[in-house]
$ cat query.cif   # mmCIF, C-alpha atoms
data_structure
loop_
_atom_site.label_atom_id
_atom_site.label_comp_id
_atom_site.auth_asym_id
_atom_site.auth_seq_id
_atom_site.Cartn_x
_atom_site.Cartn_y
_atom_site.Cartn_z
CA MET A 1 64.98 83.08 115.80
CA ALA A 2 67.81 85.61 115.64
CA THR A 3 69.29 86.08 112.22
CA ARG A 4 72.82 84.82 111.84
CA ALA A 5 75.12 87.56 110.63
CA LYS A 6 77.75 86.92 108.05
CA ALA A 7 80.83 89.10 107.90
CA ARG A 8 81.54 90.77 104.58
CA ARG A 9 85.10 90.82 103.40
CA PRO A 10 85.99 93.81 101.22
CA ALA A 11 88.25 92.92 98.32
CA ALA A 12 91.75 94.36 98.49
CA ALA A 13 92.23 97.18 96.00
CA SER A 14 95.08 96.94 93.56
CA VAL A 15 97.36 99.71 92.42
CA LYS A 16 99.61 99.39 89.41
CA LYS A 17 102.04 101.88 87.92
CA SER A 18 104.13 101.56 84.80
CA VAL A 19 107.90 101.34 84.80
CA LYS A 20 109.72 103.62 82.41
CA GLY A 21 113.43 104.33 82.22
CA GLY A 22 114.19 103.05 85.70
CA MET A 23 112.34 105.92 87.43
CA ALA A 24 109.20 104.13 88.57
CA ALA A 25 107.80 104.74 92.04
CA ALA A 26 107.88 101.96 94.62
CA VAL A 27 104.37 100.56 94.42
CA PRO A 28 102.97 97.13 95.37
CA THR A 29 102.47 94.67 92.57
CA GLU A 30 98.98 93.80 91.34
CA GLU A 31 99.65 90.14 91.96
CA LEU A 32 100.36 90.77 95.63
CA THR A 33 97.19 92.73 96.28
CA HIS A 34 95.13 90.20 94.35
CA GLY A 35 96.83 87.47 96.37
CA LEU A 36 95.89 89.21 99.58
CA ALA A 37 92.26 89.31 98.51
CA SER A 38 92.41 85.63 97.60
CA ALA A 39 93.90 84.76 100.97
CA LEU A 40 91.12 86.65 102.71
CA ALA A 41 88.42 85.01 100.61
CA GLY A 42 89.73 81.57 101.51
CA LEU A 43 89.37 81.99 105.23
CA ALA A 44 86.75 79.94 107.07
CA ILE A 45 84.76 82.21 109.35
CA SER A 46 82.93 80.59 112.22
CA LYS A 47 79.24 81.39 112.36
CA ALA A 48 77.83 83.19 115.37
CA LYS A 49 75.60 81.20 117.68
CA GLY A 50 71.92 81.95 117.23
CA ALA A 51 69.52 82.68 120.02
CA ARG A 52 67.13 80.02 121.13
CA ASN A 53 63.36 80.46 121.69
CA GLY A 54 63.66 84.18 120.96
CA VAL A 55 66.03 84.78 123.89
CA ALA A 56 69.50 86.09 123.01
CA GLU A 57 72.36 84.19 124.61
CA ALA A 58 74.87 86.02 126.82
CA HIS A 59 78.32 86.64 125.33
CA SER A 60 80.71 83.82 126.10
CA GLU A 61 83.46 84.58 128.56
CA THR A 62 85.83 82.11 126.92
CA PRO A 63 88.78 83.52 124.92
CA LYS A 64 88.58 83.69 121.15
CA SER A 65 89.81 80.63 119.31
CA THR A 66 92.97 80.76 117.19
CA GLN A 67 90.82 80.73 114.07
CA ASP A 68 88.73 83.65 115.34
CA ASN A 69 91.86 85.63 116.09
CA ARG A 70 93.20 84.87 112.62
CA VAL A 71 89.99 85.99 110.94
CA SER A 72 89.92 89.18 112.99
CA ALA A 73 93.56 89.97 112.21
CA MET A 74 93.08 89.33 108.49
CA ARG A 75 90.15 91.73 108.48
CA VAL A 76 92.32 94.39 110.09
CA VAL A 77 95.12 93.87 107.57
CA ASN A 78 92.69 93.99 104.67
CA GLY A 79 90.99 97.11 106.00
CA ALA A 80 94.31 98.87 106.58
CA SER A 81 95.54 97.88 103.13
CA GLN A 82 92.39 99.29 101.53
CA GLY A 83 92.75 102.42 103.62
CA LEU A 84 96.32 102.94 102.43
CA THR A 85 95.16 102.49 98.84
CA THR A 86 92.59 105.24 99.37
CA VAL A 87 95.28 107.53 100.77
CA MET A 88 97.49 106.79 97.77
CA LYS A 89 94.68 107.79 95.41
CA SER A 90 94.26 111.08 97.30
CA GLY A 91 97.83 112.07 96.38
CA TRP A 92 98.97 112.50 99.98
CA LYS A 93 102.65 111.90 100.82
CA ALA A 94 104.31 111.71 104.21
CA PRO A 95 106.16 114.93 105.06
CA SER A 96 109.94 114.92 105.26
CA THR A 97 111.69 114.74 108.63
CA GLY A 98 112.31 118.48 108.71
CA THR A 99 108.73 119.32 107.80
CA THR A 100 107.42 116.99 110.50
CA ALA A 101 109.47 118.78 113.14
CA LYS A 102 108.01 122.16 112.12
CA LYS A 103 104.42 120.88 112.16
CA SER A 104 104.52 118.75 115.30
CA ALA A 105 101.25 120.29 116.49
CA THR A 106 99.40 119.08 113.39
CA PRO A 107 97.29 115.95 113.99
CA ALA A 108 98.85 112.80 112.58
CA HIS A 109 97.50 111.67 109.22
CA GLU A 110 95.29 108.59 109.23
CA ALA A 111 97.93 106.72 107.21
CA PHE A 112 100.14 106.44 110.28
CA GLY A 113 97.37 104.75 112.23
CA LEU A 114 96.68 102.40 109.34
CA ALA A 115 100.37 101.46 109.20
CA ALA A 116 100.46 100.71 112.93
CA SER A 117 97.29 98.62 112.89
CA ALA A 118 98.44 96.64 109.86
CA ARG A 119 101.79 95.85 111.47
CA ALA A 120 100.18 94.74 114.75
CA ALA A 121 97.66 92.53 112.92
CA LEU A 122 100.41 90.96 110.81
CA LYS A 123 102.24 90.02 114.00
CA GLU A 124 99.07 88.33 115.27
CA LEU A 125 98.77 86.40 112.02
CA ARG A 126 102.33 85.16 112.27
CA ALA A 127 101.66 83.95 115.79
CA SER A 128 98.54 82.05 114.74
CA SER A 129 99.84 80.83 111.36
CA PRO A 130 103.62 80.44 111.49
CA GLY A 131 105.16 79.59 108.14
CA ASP A 132 102.20 80.85 106.08
CA VAL A 133 103.56 82.55 102.96
CA ASP A 134 100.22 84.35 102.45
CA VAL A 135 100.90 86.37 105.58
CA GLU A 136 104.22 87.58 104.16
CA ARG A 137 102.54 88.25 100.83
CA ALA A 138 100.09 90.54 102.63
CA ALA A 139 102.97 92.16 104.55
CA VAL A 140 105.05 92.95 101.47
CA SER A 141 101.96 94.47 99.83
CA VAL A 142 101.46 96.76 102.83
CA ALA A 143 105.16 97.69 102.76
CA GLY A 144 104.91 98.61 99.08
CA LYS A 145 102.02 100.96 99.75
CA LEU A 146 103.90 102.60 102.60
CA LEU A 147 106.85 103.20 100.27
CA SER A 148 104.48 104.78 97.75
CA LEU A 149 103.38 107.18 100.48
CA ASP A 150 107.01 108.04 101.40
CA MET A 151 106.49 106.37 104.80
CA TYR A 152 109.94 104.84 104.67
CA SER A 153 110.52 104.17 108.36
CA HIS A 154 107.11 102.50 108.71
CA ALA A 155 107.81 100.37 105.66
CA LEU A 156 111.17 99.44 107.16
CA ASP A 157 109.42 98.27 110.34
CA VAL A 158 107.11 95.99 108.35
CA LEU A 159 110.02 94.64 106.27
CA SER A 160 112.13 94.01 109.39
CA ASP A 161 109.30 91.93 110.85
CA MET A 162 109.27 89.85 107.66
CA HIS A 163 112.96 88.97 107.62
CA GLY A 164 113.02 86.18 110.19
CA ARG A 165 109.92 84.54 108.71
CA LEU A 166 111.35 84.58 105.19
CA VAL A 167 114.61 83.08 106.45
CA ALA A 168 112.60 80.23 107.94
CA LEU A 169 110.65 79.76 104.70
CA VAL A 170 113.72 79.46 102.47
CA GLY A 171 115.53 77.03 104.76
CA PRO A 172 117.15 76.53 108.13
CA ASP A 173 120.55 77.86 107.11
CA PRO A 174 121.47 81.15 108.82
CA VAL A 175 122.27 84.31 106.86
CA PRO A 176 126.03 84.42 106.18
CA PRO A 177 127.76 87.06 108.30
CA VAL A 178 128.94 90.21 106.59
CA SER A 179 132.73 90.15 106.43
CA ARG A 180 133.49 93.57 107.89
CA HIS A 181 131.35 94.78 110.79
CA SER A 182 132.19 98.15 112.31
CA SER A 183 132.26 98.27 116.09
CA GLN A 184 131.06 101.89 115.92
CA ILE A 185 127.69 100.88 114.48
CA PRO A 186 125.13 99.94 117.16
CA PRO A 187 123.82 96.35 116.92
CA PRO A 188 120.21 97.39 116.16
CA LEU A 189 121.37 99.30 113.08
CA ARG A 190 123.53 96.36 111.95
CA ASP A 191 120.49 94.12 112.29
CA VAL A 192 118.39 96.48 110.16
CA ILE A 193 121.03 96.57 107.42
CA ALA A 194 121.12 92.75 107.47
CA ILE A 195 117.50 92.58 106.27
CA ILE A 196 118.61 93.33 102.67
CA SER A 197 119.83 89.74 102.34
CA LEU A 198 118.31 86.29 102.66
CA PRO A 199 120.12 82.93 102.60
CA LEU A 200 119.99 81.24 99.23
CA PRO A 201 117.78 78.14 99.22
CA SER A 202 119.38 74.77 99.81
CA SER A 203 116.65 72.87 97.95
CA SER A 204 114.90 73.15 94.60
CA SER A 205 111.48 73.42 96.25
CA VAL A 206 111.97 77.14 96.84
CA SER A 207 113.06 77.87 93.27
CA SER A 208 109.89 76.18 92.00
CA ASP A 209 107.56 78.11 94.32
CA SER A 210 106.56 81.14 92.22
CA THR A 211 104.53 82.71 95.04
CA LEU A 212 107.42 82.61 97.50
CA LEU A 213 109.89 83.89 94.89
CA LEU A 214 107.60 86.82 94.10
CA VAL A 215 107.38 87.69 97.78
CA ILE A 216 111.15 87.39 98.27
CA SER A 217 112.17 89.39 95.21
CA THR A 218 109.65 92.14 96.03
CA TYR A 219 110.77 92.15 99.65
CA LEU A 220 114.46 92.48 98.72
CA SER A 221 113.72 95.34 96.33
CA HIS A 222 111.62 97.11 98.95
CA THR A 223 114.36 96.80 101.59
CA LEU A 224 116.86 98.55 99.30
CA ILE A 225 114.43 101.41 98.69
CA ALA A 226 113.47 101.85 102.34
CA LEU A 227 117.03 101.59 103.68
CA SER A 228 118.47 103.89 101.02
CA HIS A 229 116.14 106.64 102.10
CA CYS A 230 116.41 106.05 105.85
CA LEU A 231 120.21 105.95 105.77
CA SER A 232 120.45 109.12 103.71
CA THR A 233 118.43 111.02 106.33
CA ALA A 234 119.93 109.43 109.45
CA SER A 235 121.88 111.35 112.06
CA PRO A 236 124.44 112.01 113.45
CA LYS A 237 126.54 112.19 110.29
CA HIS A 238 129.40 110.06 111.64
CA SER A 239 127.12 107.14 112.48
CA GLN A 240 125.30 107.67 109.19
CA ASN A 241 128.52 107.33 107.19
CA GLU A 242 129.58 104.24 109.12
CA ALA A 243 126.19 102.67 108.40
CA ILE A 244 126.36 103.55 104.70
CA VAL A 245 129.80 101.93 104.45
CA LEU A 246 128.38 98.75 106.01
CA PHE A 247 125.37 98.96 103.70
CA SER A 248 127.66 99.14 100.64
CA GLN A 249 129.61 96.10 101.86
CA THR A 250 126.48 94.08 102.65
CA LEU A 251 125.11 94.69 99.15
CA HIS A 252 128.08 92.90 97.60
CA ASP A 253 129.03 90.42 100.32
CA SER A 254 125.63 88.88 101.09
CA PRO A 255 122.86 87.22 99.04
CA SER A 256 120.80 90.34 98.35
CA LEU A 257 118.53 91.17 95.39
CA LEU A 258 121.09 90.54 92.61
CA ARG A 259 121.87 87.05 93.89
CA TRP A 260 118.18 86.13 94.07
CA ILE A 261 116.93 87.53 90.75
CA PRO A 262 118.54 84.74 88.65
CA LEU A 263 116.48 82.24 90.66
CA CYS A 264 113.24 84.05 89.83
CA THR A 265 112.96 82.79 86.27
CA GLN A 266 109.19 82.30 86.62
CA LEU A 267 108.57 86.01 87.20
CA PRO A 268 107.38 87.97 84.15
CA ALA A 269 110.14 90.17 82.73
CA LYS A 270 108.09 93.33 83.25
CA GLN A 271 107.65 92.55 86.93
CA SER A 272 111.31 91.71 87.47
CA ASP A 273 112.36 94.84 85.55
CA GLY A 274 110.18 96.97 87.79
CA LEU A 275 111.76 95.62 90.97
CA LEU A 276 115.28 96.14 89.61
CA THR A 277 114.74 99.64 88.22
CA ARG A 278 113.11 100.87 91.43
CA ALA A 279 116.08 99.54 93.40
CA TYR A 280 118.43 101.21 90.90
CA THR A 281 116.72 104.58 91.34
CA ALA A 282 116.88 104.42 95.15
CA LEU A 283 120.53 103.32 95.22
CA MET A 284 121.63 106.02 92.78
CA SER A 285 119.87 108.58 94.95
CA ILE A 286 121.76 107.69 98.14
CA SER A 287 125.09 107.36 96.30
CA GLY A 288 124.70 110.90 95.00
CA LYS A 289 124.62 112.47 98.47
CA ALA A 290 127.62 114.75 99.00
CA SER A 291 128.27 113.44 102.51
CA VAL A 292 128.51 109.75 101.53
CA PRO A 293 132.08 108.36 101.70
CA ALA A 294 133.55 108.15 98.19
CA GLU A 295 134.30 104.42 98.13
CA ALA A 296 130.93 103.48 99.60
CA ALA A 297 129.18 105.70 97.06
CA PHE A 298 131.09 104.05 94.21
CA ARG A 299 130.26 100.54 95.42
CA ILE A 300 126.59 101.43 95.79
CA ARG A 301 126.50 102.97 92.30
CA ASN A 302 128.16 99.90 90.86
CA TYR A 303 125.53 97.65 92.47
CA ALA A 304 122.82 99.89 91.04
CA LEU A 305 124.32 99.58 87.56
CA MET A 306 124.44 95.82 87.98
CA CYS A 307 120.71 95.94 88.74
CA LEU A 308 120.19 97.59 85.35
CA LEU A 309 122.16 94.83 83.66
CA ARG A 310 119.79 92.22 85.12
CA THR A 311 116.80 93.86 83.40
CA SER A 312 115.47 92.73 80.03
CA GLY A 313 116.97 93.95 76.77
CA SER A 314 114.79 97.01 76.22
CA MET A 315 115.24 98.62 79.62
CA ILE A 316 118.68 100.23 79.17
CA GLU A 317 120.51 101.55 76.13
CA PRO A 318 124.22 100.58 75.80
CA LYS A 319 125.37 104.19 75.33
CA THR A 320 123.46 105.39 78.39
CA PHE A 321 124.84 102.52 80.44
CA TRP A 322 128.53 102.98 79.51
CA ASP A 323 128.27 106.74 79.97
CA GLN A 324 127.06 106.16 83.52
CA VAL A 325 129.89 103.71 84.22
CA VAL A 326 132.54 106.17 83.01
CA LYS A 327 130.94 109.04 84.91
CA SER A 328 130.79 106.99 88.13
CA SER A 329 134.47 105.98 87.97
CA SER A 330 135.59 109.53 87.12
CA SER A 331 133.65 110.91 90.09
CA PHE A 332 135.23 108.31 92.36
CA ALA A 333 138.73 109.15 91.11
CA ARG A 334 138.21 112.85 91.89
CA SER A 335 136.73 112.22 95.35
CA ALA A 336 139.02 109.44 96.56
CA GLY A 337 142.37 110.49 95.12
CA SER A 338 145.35 109.76 97.37
CA LYS A 339 149.03 110.72 97.32
CA ASP A 340 149.90 107.47 99.02
CA LYS A 341 150.99 104.98 96.34
CA GLY A 342 149.73 101.95 98.22
CA GLU A 343 146.31 103.52 98.75
CA GLU A 344 146.20 104.65 95.12
CA ARG A 345 146.83 101.08 94.00
CA ARG A 346 144.07 99.77 96.27
CA LEU A 347 141.56 102.31 94.96
CA CYS A 348 142.43 101.46 91.37
CA ARG A 349 141.82 97.81 92.14
CA VAL A 350 138.42 98.69 93.57
CA VAL A 351 137.53 100.25 90.21
CA THR A 352 138.96 97.49 88.01
CA SER A 353 137.26 94.82 90.11
CA ALA A 354 133.95 96.65 89.72
CA PHE A 355 134.50 96.89 85.96
CA SER A 356 135.11 93.14 85.82
CA ASP A 357 131.81 92.49 87.61
CA LEU A 358 129.94 94.73 85.19
CA LEU A 359 131.51 93.17 82.12
CA ALA A 360 130.67 89.67 83.36
CA LEU A 361 126.98 90.61 83.57
CA VAL A 362 127.08 92.32 80.17
CA GLU A 363 128.36 89.08 78.62
CA GLU A 364 125.38 87.20 80.09
CA ARG A 365 122.86 89.43 78.32
CA GLU A 366 121.11 88.30 75.16
CA ASN A 367 121.92 91.64 73.50
CA ARG A 368 125.56 91.64 74.64
CA ASP A 369 126.80 92.41 71.12
CA ASP A 370 125.04 95.77 71.31
CA PHE A 371 127.00 96.56 74.49
CA LEU A 372 130.39 95.30 73.34
CA HIS A 373 130.70 97.47 70.24
CA GLY A 374 130.71 101.17 69.53
CA THR A 375 132.36 104.34 70.82
CA PRO A 376 130.83 104.24 74.35
CA PHE A 377 132.27 100.78 74.95
CA ILE A 378 135.68 101.85 73.62
CA SER A 379 135.61 104.82 76.01
CA PHE A 380 134.90 102.43 78.86
CA CYS A 381 137.87 100.26 77.84
CA ASP A 382 140.15 103.31 77.77
CA VAL A 383 139.09 104.25 81.30
CA TRP A 384 139.67 100.66 82.44
CA ILE A 385 143.20 100.77 81.04
CA SER A 386 143.91 104.05 82.82
CA PHE A 387 142.91 102.54 86.17
CA SER A 388 144.87 99.36 85.46
CA LYS A 389 148.21 101.13 84.90
CA PRO A 390 148.91 102.04 88.55
CA THR A 391 148.20 98.48 89.68
CA MET A 392 150.58 97.09 87.08
CA LEU A 393 153.34 99.62 87.79
CA LEU A 394 153.12 99.12 91.55
CA GLY A 395 152.81 95.37 91.33
#

$ encode --input "query.cif" --output "structure tokens"
Amino acid sequence: MATRAKARRPAAASVKKSVKGGMAAAVPTEELTHGLASALAGLAISKAKGARNGVAEAHSETPKSTQDNRVSAMRVVNGASQGLTTVMKSGWKAPSTGTTAKKSATPAHEAFGLAASARAALKELRASSPGDVDVERAAVSVAGKLLSLDMYSHALDVLSDMHGRLVALVGPDPVPPVSRHSSQIPPPLRDVIAIISLPLPSSSSVSSDSTLLLVISTYLSHTLIALSHCLSTASPKHSQNEAIVLFSQTLHDSPSLLRWIPLCTQLPAKQSDGLLTRAYTALMSISGKASVPAEAAFRIRNYALMCLLRTSGSMIEPKTFWDQVVKSSSSFARSAGSKDKGEERRLCRVVTSAFSDLLALVEERENRDDFLHGTPFISFCDVWISFSKPTMLLG
């Protein structure tokens, strides 16, 4: 009698890095990788047919069942995820765009093949198990590892595939349109920028689902990191600037990470802080590029500072925070100055409106008294007054 073979499932490796001072690298969370392993362990694998009377049966010509396809795809995802973890441990990072162009003759690193196979297998899983949150949990874990390897465009592909499925999981309501689309931005790029937001849930069932909220909050943080890098390296420059302007508008006008974080009350503070500080670091990086339009850079920096205000009390010092706010507004004033009185009034209102948003979040913090006293806060108030004067004088 032929021995029946049982498939071994390797456990998904976990990688965890600490978050300090908002400069942590984008790495997948331990819960996600453990969840992936749990999802794999729970699969029912059909046993192979044994031979009869010592004669092996011929392979069946019938197509694989849906369950067989699912098992096969999960094995591929798990294997690719483990492979990416091994690459991470080796210290390898994807080369920059310029470096890749110079070394085009060099064989592609195995990480690129792992990324492609994981993405293809995830698509198969979605086809066989639509609406399964474990599939998206596996996908966001893969995306996190790709970000850790500086494989931003590959991570963006995985995250883009997730968007429609997450929209369906949170409810049937469509994502609200962004208020100001630019006709000069091609539709595919507008669609990519739209992945940084998800419609807010219409029922309490989502807000009580800790697994789904973990996936969503991690996904939204990852999209900000991936898009910030991809937009800062895009070309040509004109299209890049148009896209960054739309990106800055979408951050504030749509339900992105900051609108979702208050719903994620079940997440441990350390985990939530990590997602917010990694997003902060990525957004500050793109806003500091010299070629970014001044107003878009200011709006992106303001969103990044709001991410800091959503962290727990020990993550940001009041003095450091207010110094960054004053520095950001001063930089904007130098870059966007205008001799036109009407435009000057509009720009001042952009700043004062941003200050109002920041102050509102400060007042929600448990340690708000630490922020609302002292010389740094007084300096902030003085700057606010200086930007308010033109709006009052010009009506």

$ residues_near_point --input "query.cif" --point "(123.9, 88.2, 87.8)" --cutoff "7 Å" --atoms "all atoms listed in the file" --output "list of chain:residue names"
A:Leu258, A:Arg259, A:Pro262, A:Arg310, A:Leu361

$ resolve_selection --input "query.cif" --expression "the PyMOL selection byres ((chain A and resi 257) around 8)" --output "PyMOL selection string"
chain A and resi 196-197+217+220-221+255-256+258-261

$ resolve_selection --input "query.cif" --expression "the PyMOL selection byres ((chain A and resi 223-235) around 6)" --output "PyMOL selection string"
chain A and resi 152+156+196+220-222+236-237+240+279+282+286

$ write_last_selection --input "query.cif" --atoms "C-alpha atoms" --output "CSV table (one decimal), in the coordinates of the input"
chain,number,residue,atom,x,y,z
A,152,TYR,CA,109.9,104.8,104.7
A,156,LEU,CA,111.2,99.4,107.2
A,196,ILE,CA,118.6,93.3,102.7
A,220,LEU,CA,114.5,92.5,98.7
A,221,SER,CA,113.7,95.3,96.3
A,222,HIS,CA,111.6,97.1,99.0
A,236,PRO,CA,124.4,112.0,113.4
A,237,LYS,CA,126.5,112.2,110.3
A,240,GLN,CA,125.3,107.7,109.2
A,279,ALA,CA,116.1,99.5,93.4
A,282,ALA,CA,116.9,104.4,95.2
A,286,ILE,CA,121.8,107.7,98.1

$ resolve_selection --input "query.cif" --expression "the PyMOL selection byres ((chain A and resi 120) around 12)" --output "NGL selection string"
:A and (72-74 or 76-77 or 80 or 113-119 or 121-127 or 139 or 157-158 or 161)

$ residues_around --input "query.cif" --residues "stretch 314-329 of chain A" --least-positions-apart "4" --cutoff "7 Å" --atoms "all atoms listed in the file" --output "count of residues only"
10

$ closest_residue --input "query.cif" --among "A:Asp253, A:Asn241, A:Asp134, A:Phe112" --to "A:Ala155" --atoms "all atoms listed in the file"
A:Phe112

$ residues_around --input "query.cif" --residues "A:Val362" --least-positions-apart "4" --cutoff "10 Å" --atoms "all atoms listed in the file" --output "PyMOL selection string"
chain A and resi 306+309-310+318+356-358+366-372

$ atom_distance --input "query.cif" --atom1 "atom CA of A:Ser148" --atom2 "atom CA of A:Gln266"
25.5 Å

$ axis_aligned_box --input "query.cif" --around "stretch 196-211 of chain A" --padding-each-side "5 Å" --output "AutoDock Vina command-line options"
--center_x 112.3 --center_y 83.1 --center_z 97.3 --size_x 25.6 --size_y 30.5 --size_z 20.7

$ residues_around --input "query.cif" --residues "A:Val350" --least-positions-apart "2" --cutoff "12 Å" --atoms "all atoms listed in the file" --output "NGL selection string"
:A and (294-296 or 298-299 or 302 or 329 or 332-333 or 336 or 343-348 or 352-357 or 384 or 387-388 or 391)

$ atom_distance --input "query.cif" --atom1 "atom CA of A:Val135" --atom2 "atom CA of A:His252"
29.1 Å

$ atom_distance --input "query.cif" --atom1 "atom CA of A:Val140" --atom2 "atom CA of A:Tyr219"
6.1 Å

$ residues_around --input "query.cif" --residues "A:Ser202" --least-positions-apart "2" --cutoff "12 Å" --atoms "all atoms listed in the file" --output "PyMOL selection string"
chain A and resi 167-174+198-200+204-207

$ closest_residue --input "query.cif" --among "A:Leu275, A:Cys381, A:Ala290, A:Met88" --to "A:Val215" --atoms "all atoms listed in the file"
A:Leu275
